[in-house]
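Structure record follows, encoded as structure tokens.
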Amino acid sequence: MEQKRKDLFYVNYDIVKPKPFIPRPLRINESITDTPEYNSEKVYVQNECYDFHYILSGNGLVSYNGKNYNAGPGQGFLCHSKSNDIHYKYPENGDEPWHFISFTFMQDNFYPTYLNIINSNPVFTIPQNVHIINLLINNLTSKKRIVLSCAEGANIVYELLITLLRYSAESEKKEFHPVINKAESIIRTRIAKNISVMEIADELGVSREYLSRIFREYTGEKLKEYISKERIKYACNFLINTDKSIGEIAGELNYNTSSNFSRDFIHVMGITPGEYRRLKKYGSLM
């Protein structure tokens with residue numbers, strides 16, 4: 001069955017001499033979808049494995065224990081191929097494509113730990129500058145089979161699981177700080193505006209200093225940098241899915257000049273907007 005999902009890139013992991021009971025990565029995909037017909041409940045998977053999804057742009061819906069959770073940029077979730085614990089889909093009222101990576105791995109006797117990880121909050125907020133997220137994204141740019149030793153493959157899976165356990169605890173803690181959730185909601189709904197920390201603080205009725213301190217305390221990230229990264233992620237969607245010029249995209253995001261937009265883009269992504277577009281469309285920076 002066609003799942004209305006476009007796979008932009010995928011890379012398979014080739015583990016040399018895999019051993020029983022040792023976790024191993026299988027593959028990583030970069031995908032995009034923009035139709036409500038995309039629904040994980042319609043997917044049949046033959047082998048038992050686990051998938052970690054990390055959202056680059058757009059928003060999807062994750063369902064767990066009868067509750068729906070938004071999964072937007074900078075968030076991720078873990079699901080098990082053979083159970084009905086978690087379902088995910090593109091929302092019927094979605095207004096932009098859902099762009100994400102999915103990392104698939106196998107680990108024997110992992111299901112109880114999996115349930116423990118997702119139990120308190122199935123959707124994790126993880127900054128893109130976290131090492132394992134950067135590693136997975138960089139693996140995609142190789143566009144080839146990645147050969148790893150058994151230990152190297154296991155290290156990738158273990159680092160991901162440790163990160164999920166850490167941010168699972170932080171997500172649970174953050175539920176009791178609605179100021180952070182409201183600040184993130186304001187940023188998401190006005191992502192194209194050049195909104196400042198002071199404007200967000202004024203709307204929330206708190207001081208700029210308090211908002212900056214509490215945000216960094218509970219996310220490990222400066223609020224100003226978070227806003228910049230979210231805007232650049234939004235720009236990435238335009239670069240991949242439209243033919244708009246760099247100047248037009250800068251204007252969409254209310255940058256004063258294209259050079260200011262390019263400077264922020266390089267700071268977040270490490271390459272220019274033009275290089276990013278060529279890499280995603282043609283698999284090469286040239």
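Chain identifiers are assigned as A, B, and so on, following the order in which chains appear in the structure tokens; residues are numbered from 1 within each chain, and ligands are numbered from 1 in order of appearance.
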Given only C-alpha atoms, how would the per-residue table for stretch 80-110 of chain A near stretch 219-235 of chain A read, listing every residue at most 12 Å away with its closest atom pair and distance in Å to one decimal, sorted by chain and number, as a Markdown table?
| residue | atom | partner | partner_atom | distance |
| --- | --- | --- | --- | --- |
| A:Glu96 | CA | A:Tyr234 | CA | 9.8 |
| A:Pro97 | CA | A:Tyr234 | CA | 10.6 |
| A:Trp98 | CA | A:Tyr234 | CA | 11.1 |
| A:His99 | CA | A:Lys233 | CA | 10.1 |
| A:Phe100 | CA | A:Lys233 | CA | 11.3 |
Can you write out the residues you just picked, keeping N, CA, C and O atoms, as a PDB file, in the first residue's frame?
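Below you can see out-v2.pdb, which holds the result:
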ATOM      1  N   GLU A  96       1.620  22.740   6.564  1.00  0.00           N
ATOM      2  CA  GLU A  96       2.922  22.636   5.912  1.00  0.00           C
ATOM      3  C   GLU A  96       3.384  21.178   5.988  1.00  0.00           C
ATOM      4  O   GLU A  96       2.938  20.419   6.845  1.00  0.00           O
ATOM      5  N   PRO A  97       4.248  20.747   5.084  1.00  0.00           N
ATOM      6  CA  PRO A  97       4.695  19.353   5.087  1.00  0.00           C
ATOM      7  C   PRO A  97       5.371  18.961   6.401  1.00  0.00           C
ATOM      8  O   PRO A  97       6.011  19.790   7.057  1.00  0.00           O
ATOM      9  N   TRP A  98       5.198  17.696   6.760  1.00  0.00           N
ATOM     10  CA  TRP A  98       5.840  17.129   7.952  1.00  0.00           C
ATOM     11  C   TRP A  98       7.144  16.486   7.495  1.00  0.00           C
ATOM     12  O   TRP A  98       7.140  15.509   6.748  1.00  0.00           O
ATOM     13  N   HIS A  99       8.259  17.024   7.923  1.00  0.00           N
ATOM     14  CA  HIS A  99       9.589  16.643   7.448  1.00  0.00           C
ATOM     15  C   HIS A  99      10.360  16.053   8.624  1.00  0.00           C
ATOM     16  O   HIS A  99      10.540  16.717   9.650  1.00  0.00           O
ATOM     17  N   PHE A 100      10.800  14.805   8.515  1.00  0.00           N
ATOM     18  CA  PHE A 100      11.407  14.138   9.665  1.00  0.00           C
ATOM     19  C   PHE A 100      12.447  13.111   9.218  1.00  0.00           C
ATOM     20  O   PHE A 100      12.503  12.710   8.058  1.00  0.00           O
TER      21      PHE A 100
END
Q) Just asking: which residues within stretch 1-175 of chain A are helix (DSSP H, G or I) according to DSSP, as a ChimeraX atom specification? A) /A:40-42,111-119,131-141,150-174
Residue neighbourhood stretch 66-79 of chain A, 10 Å, only C-alpha atoms, exclusion window fewer than 4 positions, as a compact mmCIF listing (two decimals) with N, CA and C atoms, in the first residue's frame:
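The result, stored in selection.txt:
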# COMPACT_ATOMS: atom_id res chain seq x y z
N CYS A 49 11.27 -4.31 15.18
CA CYS A 49 12.32 -3.32 15.32
C CYS A 49 11.74 -2.09 16.01
N TYR A 50 12.58 -1.10 16.23
CA TYR A 50 12.17 0.15 16.87
C TYR A 50 12.55 1.31 15.96
N ASP A 51 11.69 2.32 15.93
CA ASP A 51 11.92 3.50 15.10
C ASP A 51 11.90 4.75 15.96
N PHE A 52 12.97 5.54 15.84
CA PHE A 52 12.99 6.85 16.47
C PHE A 52 12.79 7.90 15.38
N HIS A 53 11.76 8.71 15.53
CA HIS A 53 11.47 9.78 14.58
C HIS A 53 11.88 11.12 15.20
N TYR A 54 12.54 11.94 14.39
CA TYR A 54 12.92 13.28 14.85
C TYR A 54 12.43 14.29 13.81
N ILE A 55 11.70 15.30 14.27
CA ILE A 55 11.03 16.22 13.37
C ILE A 55 11.94 17.39 13.03
N LEU A 56 12.08 17.64 11.72
CA LEU A 56 12.88 18.77 11.23
C LEU A 56 12.02 20.00 10.98
N SER A 57 10.83 19.81 10.45
CA SER A 57 9.91 20.92 10.24
C SER A 57 8.50 20.37 10.08
N GLY A 58 7.51 21.25 10.21
CA GLY A 58 6.13 20.81 10.13
C GLY A 58 5.67 20.16 11.43
N ASN A 59 4.42 19.74 11.45
CA ASN A 59 3.84 19.14 12.65
C ASN A 59 3.03 17.90 12.30
N GLY A 60 3.12 16.90 13.18
CA GLY A 60 2.33 15.69 13.06
C GLY A 60 1.64 15.39 14.37
N LEU A 61 0.83 14.36 14.37
CA LEU A 61 0.12 13.93 15.57
C LEU A 61 0.60 12.55 16.01
N VAL A 62 0.87 12.40 17.30
CA VAL A 62 1.27 11.12 17.88
C VAL A 62 0.19 10.73 18.89
N SER A 83 3.82 -3.48 17.88
CA SER A 83 2.80 -3.21 18.89
C SER A 83 1.93 -2.05 18.44
N ASN A 84 0.83 -1.85 19.14
CA ASN A 84 -0.08 -0.74 18.84
C ASN A 84 0.01 0.36 19.89
N ASP A 85 1.16 0.47 20.54
CA ASP A 85 1.31 1.45 21.61
C ASP A 85 1.19 2.88 21.09
N ILE A 86 1.91 3.16 20.00
CA ILE A 86 1.98 4.51 19.47
C ILE A 86 1.61 4.51 17.99
N HIS A 87 0.77 5.47 17.60
CA HIS A 87 0.46 5.70 16.20
C HIS A 87 0.80 7.15 15.88
N TYR A 88 1.14 7.40 14.63
CA TYR A 88 1.44 8.77 14.22
C TYR A 88 0.86 9.02 12.83
N LYS A 89 0.52 10.27 12.58
CA LYS A 89 -0.09 10.61 11.30
C LYS A 89 0.07 12.09 11.02
N TYR A 90 -0.18 12.44 9.76
CA TYR A 90 -0.21 13.85 9.37
C TYR A 90 -1.61 14.39 9.67
N PRO A 91 -1.72 15.54 10.34
CA PRO A 91 -3.05 16.05 10.75
C PRO A 91 -3.89 16.51 9.55
N TRP A 98 5.20 17.70 6.76
CA TRP A 98 5.84 17.13 7.95
C TRP A 98 7.14 16.49 7.49
N HIS A 99 8.26 17.02 7.92
CA HIS A 99 9.59 16.64 7.45
C HIS A 99 10.36 16.05 8.62
N PHE A 100 10.80 14.80 8.51
CA PHE A 100 11.41 14.14 9.66
C PHE A 100 12.45 13.11 9.22
N ILE A 101 13.28 12.71 10.17
CA ILE A 101 14.16 11.57 9.95
C ILE A 101 13.65 10.43 10.83
N SER A 102 13.91 9.21 10.39
CA SER A 102 13.54 8.04 11.20
C SER A 102 14.72 7.07 11.24
N PHE A 103 15.10 6.73 12.45
CA PHE A 103 16.25 5.84 12.69
C PHE A 103 15.71 4.52 13.20
N THR A 104 16.01 3.43 12.48
CA THR A 104 15.50 2.11 12.82
C THR A 104 16.61 1.25 13.40
N TYR A 114 11.50 0.02 26.59
CA TYR A 114 10.78 0.90 25.65
C TYR A 114 9.53 1.48 26.31
N LEU A 115 8.75 0.64 26.96
CA LEU A 115 7.53 1.11 27.62
C LEU A 115 7.86 2.11 28.73
N ILE A 117 10.40 4.15 28.78
CA ILE A 117 10.83 5.41 28.17
C ILE A 117 9.64 6.25 27.73
N ILE A 118 8.63 5.61 27.12
CA ILE A 118 7.52 6.37 26.56
C ILE A 118 6.39 6.61 27.55
N ASN A 121 5.80 10.47 28.94
CA ASN A 121 5.53 11.40 27.85
C ASN A 121 6.14 10.82 26.58
N PRO A 122 5.33 10.44 25.61
CA PRO A 122 5.86 9.76 24.42
C PRO A 122 6.60 10.67 23.45
N VAL A 123 6.46 11.99 23.60
CA VAL A 123 7.11 12.93 22.69
C VAL A 123 8.18 13.71 23.46
N PHE A 124 9.40 13.64 22.97
CA PHE A 124 10.53 14.29 23.64
C PHE A 124 10.94 15.55 22.89
N THR A 125 11.31 16.59 23.63
CA THR A 125 11.88 17.79 23.02
C THR A 125 13.39 17.71 23.17
N ILE A 126 14.09 17.61 22.04
CA ILE A 126 15.54 17.40 22.03
C ILE A 126 16.18 18.42 21.09
N PRO A 127 17.04 19.31 21.59
CA PRO A 127 17.69 20.27 20.70
C PRO A 127 18.48 19.58 19.59
N GLN A 128 18.46 20.18 18.41
CA GLN A 128 19.14 19.56 17.27
C GLN A 128 20.65 19.54 17.44
N ASN A 129 21.19 20.40 18.34
CA ASN A 129 22.64 20.41 18.53
C ASN A 129 23.12 19.30 19.47
N ILE A 133 21.69 13.54 17.70
CA ILE A 133 20.85 14.06 16.62
C ILE A 133 21.73 14.53 15.46
N LEU A 161 19.50 5.91 23.24
CA LEU A 161 18.63 5.52 24.36
C LEU A 161 18.94 6.32 25.61
N LEU A 164 17.35 9.66 25.11
CA LEU A 164 15.90 9.61 25.28
C LEU A 164 15.51 9.52 26.75
N ARG A 188 6.19 28.94 17.76
CA ARG A 188 5.73 28.11 16.64
C ARG A 188 4.68 28.82 15.80
N TYR A 226 17.23 29.33 20.54
CA TYR A 226 16.12 28.45 20.18
C TYR A 226 15.24 29.10 19.11
N LYS A 229 17.03 29.00 15.75
CA LYS A 229 17.05 27.66 15.16
C LYS A 229 15.68 27.29 14.59
N GLU A 230 14.61 27.64 15.29
CA GLU A 230 13.28 27.33 14.79
C GLU A 230 12.99 28.07 13.49
N LYS A 233 14.96 26.31 10.74
CA LYS A 233 14.30 25.05 10.37
C LYS A 233 13.11 25.34 9.45
N TYR A 234 12.39 26.38 9.76
CA TYR A 234 11.25 26.78 8.93
C TYR A 234 11.73 27.16 7.53
Q | Minimum-distance residue to A:Asn119, chosen among A:Leu165, A:Ser259, A:Gly247, A:Ile22 (using only C-alpha atoms) | A | A:Leu165
Q) Can you list, as a ChimeraX atom specification, every residue of stretch 53-282 of chain A that DSSP puts in strand (DSSP E)? A) /A:53-57,60-64,67-71,75-80,86-89,98-106,123-125,146-149
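The smallest atom-to-atom distance between A:Leu8 and any of A:Ala250, A:Met269, A:Ile240, A:Val206, using only C-alpha atoms, is found for A:Ile240.
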